[in-house]
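What follows is the content of input-v1.pdb (PDB, C-alpha atoms).
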ATOM      1  CA  MET Q   1      -2.326  39.930  40.810
ATOM      2  CA  ASP Q   2      -4.978  37.519  42.076
ATOM      3  CA  LEU Q   3      -7.776  39.449  43.806
ATOM      4  CA  VAL Q   4      -7.536  37.326  46.970
ATOM      5  CA  LEU Q   5      -3.760  37.776  47.226
ATOM      6  CA  ASP Q   6      -4.239  41.471  46.560
ATOM      7  CA  LYS Q   7      -6.511  41.677  49.610
ATOM      8  CA  LEU Q   8      -3.981  39.703  51.620
ATOM      9  CA  GLU Q   9      -1.106  42.099  50.890
ATOM     10  CA  ASN Q  10      -2.438  44.798  53.236
ATOM     11  CA  HIS Q  11      -4.309  42.458  55.546
ATOM     12  CA  PRO Q  12      -3.914  42.832  59.346
ATOM     13  CA  MET Q  13      -2.513  39.281  59.400
ATOM     14  CA  MET Q  14       0.465  40.616  57.452
ATOM     15  CA  LEU Q  15       0.737  44.090  58.956
ATOM     16  CA  HIS Q  16       0.078  43.231  62.610
ATOM     17  CA  SER Q  17       1.108  39.592  62.913
ATOM     18  CA  GLN Q  18       3.004  40.123  66.175
ATOM     19  CA  ALA Q  19       0.015  41.834  67.803
ATOM     20  CA  ILE Q  20      -2.192  38.881  66.818
ATOM     21  CA  LYS Q  21       0.360  36.455  68.245
ATOM     22  CA  ASP Q  22       0.425  38.457  71.485
ATOM     23  CA  ILE Q  23      -3.369  38.193  71.793
ATOM     24  CA  CYS Q  24      -3.122  34.421  71.298
ATOM     25  CA  SER Q  25      -0.074  33.913  73.557
ATOM     26  CA  PRO Q  26      -2.100  32.404  76.476
ATOM     27  CA  LEU Q  27      -2.640  29.342  74.285
ATOM     28  CA  ASN Q  28       1.067  28.516  74.525
ATOM     29  CA  ALA Q  29       0.456  27.204  78.043
ATOM     30  CA  LEU Q  30      -1.638  24.434  76.452
ATOM     31  CA  ASN Q  31       0.940  23.739  73.696
ATOM     32  CA  ILE Q  32      -1.444  25.319  71.185
ATOM     33  CA  THR Q  33       0.899  27.254  68.915
ATOM     34  CA  THR Q  34      -1.274  28.095  65.900
ATOM     35  CA  PHE Q  35      -4.731  29.624  65.940
ATOM     36  CA  SER Q  36      -7.087  30.902  63.284
ATOM     37  CA  HIS Q  37     -10.558  32.390  63.271
ATOM     38  CA  VAL Q  38     -12.751  32.193  60.165
ATOM     39  CA  ARG Q  39     -16.101  34.008  60.006
ATOM     40  CA  VAL Q  40     -18.519  32.970  57.255
ATOM     41  CA  THR Q  41     -21.615  35.072  56.559
ATOM     42  CA  ASN Q  42     -24.889  33.875  55.058
ATOM     43  CA  ASP Q  43     -23.860  35.176  51.629
ATOM     44  CA  GLN Q  44     -21.006  32.617  51.687
ATOM     45  CA  SER Q  45     -18.176  35.113  51.954
ATOM     46  CA  PHE Q  46     -15.588  34.782  54.696
ATOM     47  CA  SER Q  47     -13.053  36.802  56.650
ATOM     48  CA  CYS Q  48     -10.266  35.560  58.869
ATOM     49  CA  LEU Q  49      -7.373  36.098  61.260
ATOM     50  CA  VAL Q  50      -4.427  33.690  61.630
ATOM     51  CA  THR Q  51      -1.383  33.770  63.891
ATOM     52  CA  ASP Q  52       0.981  32.580  61.143
ATOM     53  CA  PRO Q  53       1.106  34.945  58.112
ATOM     54  CA  ASP Q  54       3.110  32.445  56.032
ATOM     55  CA  PHE Q  55       0.456  29.794  56.604
ATOM     56  CA  ALA Q  56      -2.238  32.343  55.700
ATOM     57  CA  GLU Q  57      -0.492  33.232  52.439
ATOM     58  CA  ASN Q  58      -0.163  29.566  51.435
ATOM     59  CA  TYR Q  59      -3.813  28.925  52.424
ATOM     60  CA  MET Q  60      -5.056  31.819  50.270
ATOM     61  CA  LYS Q  61      -2.719  31.209  47.347
ATOM     62  CA  LYS Q  62      -3.832  27.562  47.025
ATOM     63  CA  LYS Q  63      -7.481  28.457  47.719
ATOM     64  CA  HIS Q  64      -7.693  25.980  50.558
ATOM     65  CA  TYR Q  65     -10.720  27.894  51.830
ATOM     66  CA  ASN Q  66     -12.741  25.949  49.252
ATOM     67  CA  ALA Q  67     -11.763  22.665  50.930
ATOM     68  CA  ASP Q  68     -12.163  23.747  54.560
ATOM     69  CA  VAL Q  69     -15.024  22.820  56.898
ATOM     70  CA  HIS Q  70     -16.912  26.041  56.181
ATOM     71  CA  ALA Q  71     -17.061  25.160  52.463
ATOM     72  CA  ASP Q  72     -19.566  22.402  53.227
ATOM     73  CA  LYS Q  73     -22.555  24.527  54.171
ATOM     74  CA  LYS Q  74     -24.859  21.516  54.480
ATOM     75  CA  HIS Q  75     -22.634  19.904  57.081
ATOM     76  CA  CYS Q  76     -21.223  22.717  59.168
ATOM     77  CA  HIS Q  77     -24.370  23.390  61.212
ATOM     78  CA  LEU Q  78     -24.562  19.835  62.542
ATOM     79  CA  LEU Q  79     -21.791  19.945  65.118
ATOM     80  CA  ASN Q  80     -20.301  22.501  67.489
ATOM     81  CA  CYS Q  81     -16.768  21.117  67.211
ATOM     82  CA  LEU Q  82     -14.641  19.049  64.865
ATOM     83  CA  MET Q  83     -11.582  16.879  65.565
ATOM     84  CA  TRP Q  84      -9.730  16.821  62.242
ATOM     85  CA  ASP Q  85      -7.603  13.784  63.105
ATOM     86  CA  ASN Q  86     -10.829  11.745  62.943
ATOM     87  CA  ILE Q  87     -11.750  12.914  59.437
ATOM     88  CA  GLU Q  88     -11.027  10.686  56.454
ATOM     89  CA  ALA Q  89      -9.756  13.569  54.334
ATOM     90  CA  LYS Q  90      -9.341  13.134  50.599
ATOM     91  CA  GLY Q  91      -8.415  15.258  47.593
ATOM     92  CA  ALA Q  92      -8.172  18.990  48.194
ATOM     93  CA  THR Q  93      -8.988  18.629  51.892
ATOM     94  CA  ALA Q  94      -6.163  16.123  52.400
ATOM     95  CA  GLN Q  95      -3.792  18.520  50.635
ATOM     96  CA  MET Q  96      -4.978  21.381  52.838
ATOM     97  CA  LEU Q  97      -4.216  19.357  55.987
ATOM     98  CA  GLN Q  98      -0.811  18.305  54.645
ATOM     99  CA  ASP Q  99       0.076  21.931  53.943
ATOM    100  CA  ALA Q 100      -1.120  22.876  57.423
ATOM    101  CA  ALA Q 101       1.185  20.215  58.906
ATOM    102  CA  ASP Q 102       4.072  21.665  56.907
ATOM    103  CA  PHE Q 103       3.482  24.915  58.805
ATOM    104  CA  GLN Q 104       3.343  23.015  62.125
ATOM    105  CA  PHE Q 105      -0.436  23.259  62.310
ATOM    106  CA  ASN Q 106      -1.112  19.692  63.542
ATOM    107  CA  SER Q 107      -3.975  17.936  65.351
ATOM    108  CA  ILE Q 108      -6.404  20.697  64.461
ATOM    109  CA  PHE Q 109      -9.480  21.090  66.636
ATOM    110  CA  THR Q 110     -12.300  23.381  65.506
ATOM    111  CA  VAL Q 111     -14.946  25.020  67.679
ATOM    112  CA  ILE Q 112     -18.022  26.036  65.655
ATOM    113  CA  GLN Q 113     -20.369  28.769  66.877
ATOM    114  CA  LYS Q 114     -23.453  29.465  64.758
ATOM    115  CA  GLN Q 115     -25.400  32.723  64.896
ATOM    116  CA  ASP Q 116     -28.312  34.035  62.850
ATOM    117  CA  ASN Q 117     -26.195  35.845  60.259
ATOM    118  CA  GLN Q 118     -22.822  34.118  60.495
ATOM    119  CA  VAL Q 119     -20.895  31.037  61.574
ATOM    120  CA  ASP Q 120     -17.580  31.377  63.431
ATOM    121  CA  TYR Q 121     -14.891  28.704  63.179
ATOM    122  CA  TYR Q 122     -12.083  28.782  65.751
ATOM    123  CA  HIS Q 123      -9.212  26.475  64.756
ATOM    124  CA  PHE Q 124      -6.638  25.365  67.341
ATOM    125  CA  GLY Q 125      -3.440  23.530  66.375
ATOM    126  CA  THR Q 126      -0.033  22.530  67.695
ATOM    127  CA  HIS Q 127       3.568  22.149  66.535
ATOM    128  CA  LEU Q 128       3.598  18.776  68.301
ATOM    129  CA  LYS Q 129       3.039  15.653  66.218
ATOM    130  CA  ASN Q 130       1.108  13.942  68.940
ATOM    131  CA  ARG Q 131      -2.543  12.919  68.702
ATOM    132  CA  SER Q 132      -2.840  13.056  72.471
ATOM    133  CA  MET Q 133      -3.512  16.775  71.950
ATOM    134  CA  ASN Q 134      -7.050  15.765  71.022
ATOM    135  CA  GLN Q 135      -7.605  14.559  74.572
ATOM    136  CA  LEU Q 136      -6.350  17.901  75.862
ATOM    137  CA  TYR Q 137      -8.873  19.720  73.674
ATOM    138  CA  VAL Q 138     -11.685  17.638  75.134
ATOM    139  CA  ASN Q 139     -10.475  17.921  78.725
ATOM    140  CA  GLN Q 140      -9.868  21.669  78.468
ATOM    141  CA  PHE Q 141     -12.833  22.576  76.258
ATOM    142  CA  ASP Q 142     -13.982  25.169  78.793
ATOM    143  CA  LEU Q 143     -10.577  26.851  78.546
ATOM    144  CA  LEU Q 144     -10.869  27.006  74.762
ATOM    145  CA  GLU Q 145     -14.241  28.715  75.148
ATOM    146  CA  LYS Q 146     -12.749  31.194  77.620
ATOM    147  CA  PHE Q 147      -9.953  31.911  75.168
ATOM    148  CA  ILE Q 148     -12.451  32.556  72.372
ATOM    149  CA  GLN Q 149     -14.146  35.170  74.566
ATOM    150  CA  HIS Q 150     -10.736  36.671  75.399
ATOM    151  CA  PHE Q 151      -9.762  36.741  71.714
ATOM    152  CA  ASN Q 152     -12.967  38.435  70.580
ATOM    153  CA  VAL Q 153     -12.771  41.090  73.285
ATOM    154  CA  LEU Q 154      -9.142  42.014  72.569
ATOM    155  CA  VAL Q 155      -9.637  42.065  68.801
ATOM    156  CA  LYS Q 156     -12.565  44.476  69.180
ATOM    157  CA  ARG Q 157     -10.314  46.745  71.241
ATOM    158  CA  ALA Q 158      -7.743  46.799  68.426
ATOM    159  CA  PRO Q 159      -9.391  48.460  65.386
ATOM    160  CA  GLN Q 160      -6.271  47.951  63.276
ATOM    161  CA  ILE Q 161      -6.832  44.188  63.697
ATOM    162  CA  ALA Q 162     -10.646  44.145  63.784
ATOM    163  CA  VAL Q 163     -10.728  45.639  60.279
ATOM    164  CA  ALA Q 164      -9.873  42.129  59.075
ATOM    165  CA  TYR Q 165     -13.558  41.236  59.357
ATOM    166  CA  ASP Q 166     -14.383  43.912  56.792
ATOM    167  CA  ILE Q 167     -12.169  42.185  54.208
ATOM    168  CA  ALA Q 168     -14.473  39.635  52.605
ATOM    169  CA  ILE Q 169     -13.383  36.779  50.345
ATOM    170  CA  GLU Q 170     -15.918  34.886  48.254
ATOM    171  CA  LEU Q 171     -16.152  31.112  48.581
ATOM    172  CA  GLU Q 172     -16.312  29.224  45.311
ATOM    173  CA  LYS Q 173     -18.922  26.557  44.688
ATOM    174  CA  LYS Q 174     -17.227  23.208  45.225
ATOM    175  CA  PRO Q 175     -18.416  19.639  45.912
ATOM    176  CA  PHE Q 176     -18.895  18.737  49.564
ATOM    177  CA  ILE Q 177     -15.568  18.010  51.229
ATOM    178  CA  PHE Q 178     -16.652  15.155  53.483
ATOM    179  CA  THR Q 179     -16.913  11.539  52.366
ATOM    180  CA  GLU Q 180     -20.161   9.591  52.529
ATOM    181  CA  GLN Q 181     -18.690   7.596  55.415
ATOM    182  CA  ASP Q 182     -18.090  10.835  57.328
ATOM    183  CA  ARG Q 183     -21.658  11.944  56.617
ATOM    184  CA  ILE Q 184     -23.112   8.688  57.922
ATOM    185  CA  LEU Q 185     -21.026   9.025  61.087
ATOM    186  CA  PHE Q 186     -22.018  12.666  61.595
ATOM    187  CA  GLN Q 187     -25.694  11.920  61.065
ATOM    188  CA  SER Q 188     -25.614   8.998  63.497
ATOM    189  CA  LEU Q 189     -24.067  11.300  66.105
ATOM    190  CA  ILE Q 190     -26.816  13.854  65.523
ATOM    191  CA  ASP Q 191     -29.538  11.189  65.744
ATOM    192  CA  GLN Q 192     -27.992   9.940  68.982
ATOM    193  CA  ARG Q 193     -27.893  13.497  70.341
ATOM    194  CA  VAL Q 194     -31.548  14.096  69.435
ATOM    195  CA  LYS Q 195     -32.589  10.830  71.107
ATOM    196  CA  PHE Q 196     -30.617  11.720  74.237
ATOM    197  CA  LEU Q 197     -32.039  15.262  74.508
ATOM    198  CA  ASN Q 198     -35.555  14.026  73.838
ATOM    199  CA  GLY Q 199     -35.149  11.410  76.559
ATOM    200  CA  LEU Q 200     -33.970  14.031  79.029
ATOM    201  CA  SER Q 201     -36.911  16.301  78.216
ATOM    202  CA  VAL Q 202     -39.436  13.497  78.628
ATOM    203  CA  HIS Q 203     -37.877  12.483  81.940
ATOM    204  CA  GLU Q 204     -37.835  16.063  83.237
ATOM    205  CA  HIS Q 205     -41.422  16.614  82.106
ATOM    206  CA  ASN Q 206     -42.637  13.425  83.786
ATOM    207  CA  MET Q 207     -40.821  14.375  86.993
ATOM    208  CA  GLN Q 208     -42.501  17.784  86.886
ATOM    209  CA  ILE Q 209     -45.945  16.205  86.362
ATOM    210  CA  ALA Q 210     -45.349  13.850  89.303
ATOM    211  CA  ALA Q 211     -44.458  16.774  91.555
ATOM    212  CA  TYR Q 212     -46.983  19.255  90.153
ATOM    213  CA  PRO Q 213     -49.978  17.472  88.536
ATOM    214  CA  GLN Q 214     -51.455  20.820  87.478
ATOM    215  CA  SER Q 215     -48.537  21.257  85.044
ATOM    216  CA  ARG Q 216     -49.787  18.380  82.851
ATOM    217  CA  GLN Q 217     -51.530  20.766  80.469
ATOM    218  CA  LEU Q 218     -49.268  21.947  77.644
ATOM    219  CA  PRO Q 219     -48.810  25.647  76.931
ATOM    220  CA  TYR Q 220     -50.997  27.175  74.238
ATOM    221  CA  PHE Q 221     -49.093  27.830  71.014
ATOM    222  CA  THR Q 222     -50.298  30.177  68.300
ATOM    223  CA  PRO Q 223     -50.296  29.001  64.637
ATOM    224  CA  GLY Q 224     -47.213  31.141  63.968
ATOM    225  CA  GLU Q 225     -45.363  29.583  66.892
ATOM    226  CA  LEU Q 226     -46.365  26.079  65.804
ATOM    227  CA  LYS Q 227     -44.837  26.661  62.361
ATOM    228  CA  THR Q 228     -41.665  27.976  63.997
ATOM    229  CA  ILE Q 229     -41.066  24.925  66.217
ATOM    230  CA  PRO Q 230     -40.050  22.333  63.562
ATOM    231  CA  MET Q 231     -37.876  24.878  61.746
ATOM    232  CA  LEU Q 232     -36.025  25.652  64.991
ATOM    233  CA  LEU Q 233     -35.449  21.938  65.522
ATOM    234  CA  GLU Q 234     -34.084  21.582  61.986
ATOM    235  CA  GLY Q 235     -31.434  24.225  62.714
ATOM    236  CA  PHE Q 236     -32.731  27.116  60.613
ATOM    237  CA  THR Q 237     -31.685  30.599  61.696
ATOM    238  CA  ALA Q 238     -34.238  33.363  62.229
ATOM    239  CA  LYS Q 239     -33.279  34.996  58.929
ATOM    240  CA  GLU Q 240     -33.566  31.703  57.048
ATOM    241  CA  MET Q 241     -37.008  31.072  58.563
ATOM    242  CA  ALA Q 242     -38.152  34.578  57.668
ATOM    243  CA  LYS Q 243     -37.066  34.133  54.052
ATOM    244  CA  ILE Q 244     -38.708  30.704  53.683
ATOM    245  CA  ARG Q 245     -41.978  31.803  55.292
ATOM    246  CA  GLY Q 246     -42.065  35.223  53.657
ATOM    247  CA  ILE Q 247     -42.406  37.170  56.889
ATOM    248  CA  SER Q 248     -40.182  39.655  58.674
ATOM    249  CA  TYR Q 249     -37.088  38.702  60.638
ATOM    250  CA  ARG Q 250     -38.455  40.579  63.679
ATOM    251  CA  THR Q 251     -41.652  38.498  63.628
ATOM    252  CA  ILE Q 252     -39.604  35.296  63.822
ATOM    253  CA  GLU Q 253     -37.597  36.763  66.705
ATOM    254  CA  GLU Q 254     -40.855  37.538  68.531
ATOM    255  CA  TYR Q 255     -42.054  33.938  68.043
ATOM    256  CA  VAL Q 256     -38.783  32.593  69.450
ATOM    257  CA  SER Q 257     -38.873  35.019  72.387
ATOM    258  CA  THR Q 258     -42.456  34.018  73.215
ATOM    259  CA  LEU Q 259     -41.621  30.319  72.995
ATOM    260  CA  LYS Q 260     -38.775  30.854  75.473
ATOM    261  CA  LYS Q 261     -41.187  32.479  77.927
ATOM    262  CA  LYS Q 262     -43.866  29.813  77.551
ATOM    263  CA  LEU Q 263     -41.391  26.970  78.056
ATOM    264  CA  GLN Q 264     -39.350  28.864  80.644
ATOM    265  CA  ALA Q 265     -36.194  28.334  78.595
ATOM    266  CA  ARG Q 266     -33.027  30.055  79.765
ATOM    267  CA  ASN Q 267     -31.585  30.441  76.274
ATOM    268  CA  LYS Q 268     -31.983  29.153  72.715
ATOM    269  CA  ALA Q 269     -30.156  25.893  73.441
ATOM    270  CA  ASP Q 270     -32.441  25.214  76.413
ATOM    271  CA  LEU Q 271     -35.464  26.092  74.272
ATOM    272  CA  ILE Q 272     -34.519  23.580  71.566
ATOM    273  CA  THR Q 273     -33.962  20.861  74.175
ATOM    274  CA  LYS Q 274     -37.440  21.410  75.638
ATOM    275  CA  LEU Q 275     -39.045  21.686  72.213
ATOM    276  CA  TRP Q 276     -38.021  18.115  71.322
ATOM    277  CA  PHE Q 277     -40.506  16.838  73.857
ATOM    278  CA  PHE Q 278     -43.256  19.334  73.095
ATOM    279  CA  TYR Q 279     -42.813  18.781  69.345
ATOM    280  CA  GLN Q 280     -43.654  15.104  69.840
ATOM    281  CA  SER Q 281     -46.502  15.955  72.215
ATOM    282  CA  LEU Q 282     -48.081  18.308  69.691
ATOM    283  CA  ARG Q 283     -48.226  15.814  66.831
ATOM    284  CA  ASP Q 284     -51.055  13.396  66.142
ATOM    285  CA  SER Q 285     -50.688  10.040  64.441
ATOM    286  CA  SER Q 286     -50.946  11.569  60.961
ATOM    287  CA  GLY Q 287     -47.922  13.771  61.591
ATOM    288  CA  HIS Q 288     -49.829  17.042  61.807
ATOM    289  CA  PHE Q 289     -49.808  19.417  64.750
ATOM    290  CA  LYS Q 290     -52.707  19.230  67.170
ATOM    291  CA  ARG Q 291     -53.630  22.095  69.419
ATOM    292  CA  PRO Q 292     -53.206  21.650  73.193
ATOM    293  CA  LEU Q 293     -56.424  21.430  75.171
TER     294      LEU Q 293
END

Reformat the file's structure so that it appears as structure tokens.
Amino acid sequence: MDLVLDKLENHPMMLHSQAIKDICSPLNALNITTFSHVRVTNDQSFSCLVTDPDFAENYMKKKHYNADVHADKKHCHLLNCLMWDNIEAKGATAQMLQDAADFQFNSIFTVIQKQDNQVDYYHFGTHLKNRSMNQLYVNQFDLLEKFIQHFNVLVKRAPQIAVAYDIAIELEKKPFIFTEQDRILFQSLIDQRVKFLNGLSVHEHNMQIAAYPQSRQLPYFTPGELKTIPMLLEGFTAKEMAKIRGISYRTIEEYVSTLKKKLQARNKADLITKLWFFYQSLRDSSGHFKRPL
């Protein structure tokens, strides 16, 4: 028997499918009738939970995991959500979406949450063949986030289900699943986002200087912190930075923690927003960092 299907035979998705459906039942109020969670670790293995065991079996049997969003490691970190109806799917990815539709998994909307050692993909779908669901996802995005918290809490309380995340399946090396047109669109969205966040930071900084002239001087950054800033802005995780720079993971964490304090950032997202402005302020015309006075 195929190793993947062998793992699936005694998987919680098969043994406790009703319990998983019960956890996900609040989604029915939004006409979301199929849900799946895929967790991909840095070693490119994944684990998952799905409300429909028949869909899961078809997905594994046809190795659709090699054509899913998490298969494109270069792309997946760019966005925090994905509306599949807007993707020009081809080849294996198009077949994956067709099979999903056959199991009434339509108008799929994916929420992507990246952490240092893993990326979580939460897929929401409906039995309805109505693209207006995409507007619901956007309008009720906060409810989807609340559900994700609810899901994670209840799964942790059910060890017979949580064991699913100990069952790892290796991703195969495949070509990127998105077309060049998709990539151009995604990159333009990222460039637009960067420009917007940078503009906000500049505006906020100028407002602060106008109100408090003494705040004009930039914080002092150590050489280690200066090397950390561009890598944070490029989306590297702490572990990735540690490996590239040949230093410990804890040292990187200390740099990030110190940067948060110096820039008075509430969290990592707030830190990155503020760093866009300071990154520009710390560069001279040759593109090298200059030290604040």

Checklist entry - Looking at only C-alpha atoms, which of Q:His123, Q:Lys268, Q:Arg157, Q:Lys7 is the one that sits closest to His37 in chain Q? => result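 Using only C-alpha atoms, the shortest distance to His37 in chain Q belongs to Q:His123.
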
Item to check | Shortest interatomic distance to Val50 in chain Q - which of Q:Ala164, Q:Ala92, Q:Gln113, Q:Gln118, counting all atoms listed in the file | outcome: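 Of all the options, Q:Ala164 lies closest to Val50 in chain Q.
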
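With the shown file loaded, the PyMOL selection byres ((chain Q and resi 82) around 7) picks out Q:Cys81, Q:Met83, Q:Trp84, Q:Phe109, Q:Thr110, Q:Val111.
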
Next on the checklist: I'd like the interatomic distance between CA of Glu172 in chain Q and CA of Val4 in chain Q, to a tenth of an Å.
Outcome noted: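 So the answer is 12.1 Å.
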
Checklist entry - Could you pull the residues within 7 Å of range 51-65 of chain Q, counting only C-alpha atoms, minus those fewer than 2 positions along the same chain, as a ChimeraX atom specification? => result /Q:4-5,13-14,17,20-21,34-36,49,67-68,71,96,103

Checklist entry - Pick the closest to Tyr121 in chain Q from Q:Ala158, Q:Leu233, Q:Val40, Q:Leu143: which is it, counting all atoms listed in the file? => result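 Of the candidates, the smallest distance to Tyr121 in chain Q is held by Q:Val40.
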
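Taking CA of Lys261 in chain Q and CA of Met241 in chain Q as endpoints, the distance between them is 19.9 Å.
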
Next on the checklist: If the PyMOL selection byres ((chain Q and resi 131-137) around 10) were run on this exact file, what residues would it hold? Put them as a list in words.
Outcome noted: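 Checked against the file, the PyMOL selection byres ((chain Q and resi 131-137) around 10) matches Leu30, Asn31, Ile32, Met83, Trp84, Asp85, Asn86, Asn106, Ser107, Ile108, Phe109, Thr110, Phe124, Gly125, Thr126, Leu128, Lys129, Asn130, Val138, Asn139, Gln140, Phe141, Asp142, Leu143 and Leu144 of chain Q.
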
Write the residues of the preceding selection, restricted to C-alpha atoms, as an mmCIF file, in the coordinates of the input.
data_model
loop_
_atom_site.group_PDB
_atom_site.id
_atom_site.type_symbol
_atom_site.label_atom_id
_atom_site.label_comp_id
_atom_site.auth_asym_id
_atom_site.auth_seq_id
_atom_site.Cartn_x
_atom_site.Cartn_y
_atom_site.Cartn_z
ATOM 1 C CA LEU Q 30 -1.638 24.434 76.452
ATOM 2 C CA ASN Q 31 0.940 23.739 73.696
ATOM 3 C CA ILE Q 32 -1.444 25.319 71.185
ATOM 4 C CA MET Q 83 -11.582 16.879 65.565
ATOM 5 C CA TRP Q 84 -9.730 16.821 62.242
ATOM 6 C CA ASP Q 85 -7.603 13.784 63.105
ATOM 7 C CA ASN Q 86 -10.829 11.745 62.943
ATOM 8 C CA ASN Q 106 -1.112 19.692 63.542
ATOM 9 C CA SER Q 107 -3.975 17.936 65.351
ATOM 10 C CA ILE Q 108 -6.404 20.697 64.461
ATOM 11 C CA PHE Q 109 -9.480 21.090 66.636
ATOM 12 C CA THR Q 110 -12.300 23.381 65.506
ATOM 13 C CA PHE Q 124 -6.638 25.365 67.341
ATOM 14 C CA GLY Q 125 -3.440 23.530 66.375
ATOM 15 C CA THR Q 126 -0.033 22.530 67.695
ATOM 16 C CA LEU Q 128 3.598 18.776 68.301
ATOM 17 C CA LYS Q 129 3.039 15.653 66.218
ATOM 18 C CA ASN Q 130 1.108 13.942 68.940
ATOM 19 C CA VAL Q 138 -11.685 17.638 75.134
ATOM 20 C CA ASN Q 139 -10.475 17.921 78.725
ATOM 21 C CA GLN Q 140 -9.868 21.669 78.468
ATOM 22 C CA PHE Q 141 -12.833 22.576 76.258
ATOM 23 C CA ASP Q 142 -13.982 25.169 78.793
ATOM 24 C CA LEU Q 143 -10.577 26.851 78.546
ATOM 25 C CA LEU Q 144 -10.869 27.006 74.762
#

Item to check | Chain and number of each residue from the PyMOL selection byres ((chain Q and resi 93) around 10), as a PyMOL selection string | outcome: chain Q and resi 64-69+87-92+94-99+177-178

Same residues, C-alpha atoms, output as a PDB file, in the frame of the given file:
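Saved file selection_18.pdb follows:
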ATOM      1  CA  HIS Q  64      -7.693  25.980  50.558  1.00  0.00           C
ATOM      2  CA  TYR Q  65     -10.720  27.894  51.830  1.00  0.00           C
ATOM      3  CA  ASN Q  66     -12.741  25.949  49.252  1.00  0.00           C
ATOM      4  CA  ALA Q  67     -11.763  22.665  50.930  1.00  0.00           C
ATOM      5  CA  ASP Q  68     -12.163  23.747  54.560  1.00  0.00           C
ATOM      6  CA  VAL Q  69     -15.024  22.820  56.898  1.00  0.00           C
ATOM      7  CA  ILE Q  87     -11.750  12.914  59.437  1.00  0.00           C
ATOM      8  CA  GLU Q  88     -11.027  10.686  56.454  1.00  0.00           C
ATOM      9  CA  ALA Q  89      -9.756  13.569  54.334  1.00  0.00           C
ATOM     10  CA  LYS Q  90      -9.341  13.134  50.599  1.00  0.00           C
ATOM     11  CA  GLY Q  91      -8.415  15.258  47.593  1.00  0.00           C
ATOM     12  CA  ALA Q  92      -8.172  18.990  48.194  1.00  0.00           C
ATOM     13  CA  ALA Q  94      -6.163  16.123  52.400  1.00  0.00           C
ATOM     14  CA  GLN Q  95      -3.792  18.520  50.635  1.00  0.00           C
ATOM     15  CA  MET Q  96      -4.978  21.381  52.838  1.00  0.00           C
ATOM     16  CA  LEU Q  97      -4.216  19.357  55.987  1.00  0.00           C
ATOM     17  CA  GLN Q  98      -0.811  18.305  54.645  1.00  0.00           C
ATOM     18  CA  ASP Q  99       0.076  21.931  53.943  1.00  0.00           C
ATOM     19  CA  ILE Q 177     -15.568  18.010  51.229  1.00  0.00           C
ATOM     20  CA  PHE Q 178     -16.652  15.155  53.483  1.00  0.00           C
TER      21      PHE Q 178
END

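Counting only C-alpha atoms, the residue from Q:Pro12, Q:Gly235, Q:Gly246, Q:Gly224 that sits nearest to Leu259 in chain Q is Q:Gly224.
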
Next on the checklist: Quick check, in Å to one decimal: how far apart do CA of Tyr255 in chain Q and CA of Glu225 in chain Q lie?
Outcome noted: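 A separation of 5.6 Å between them.
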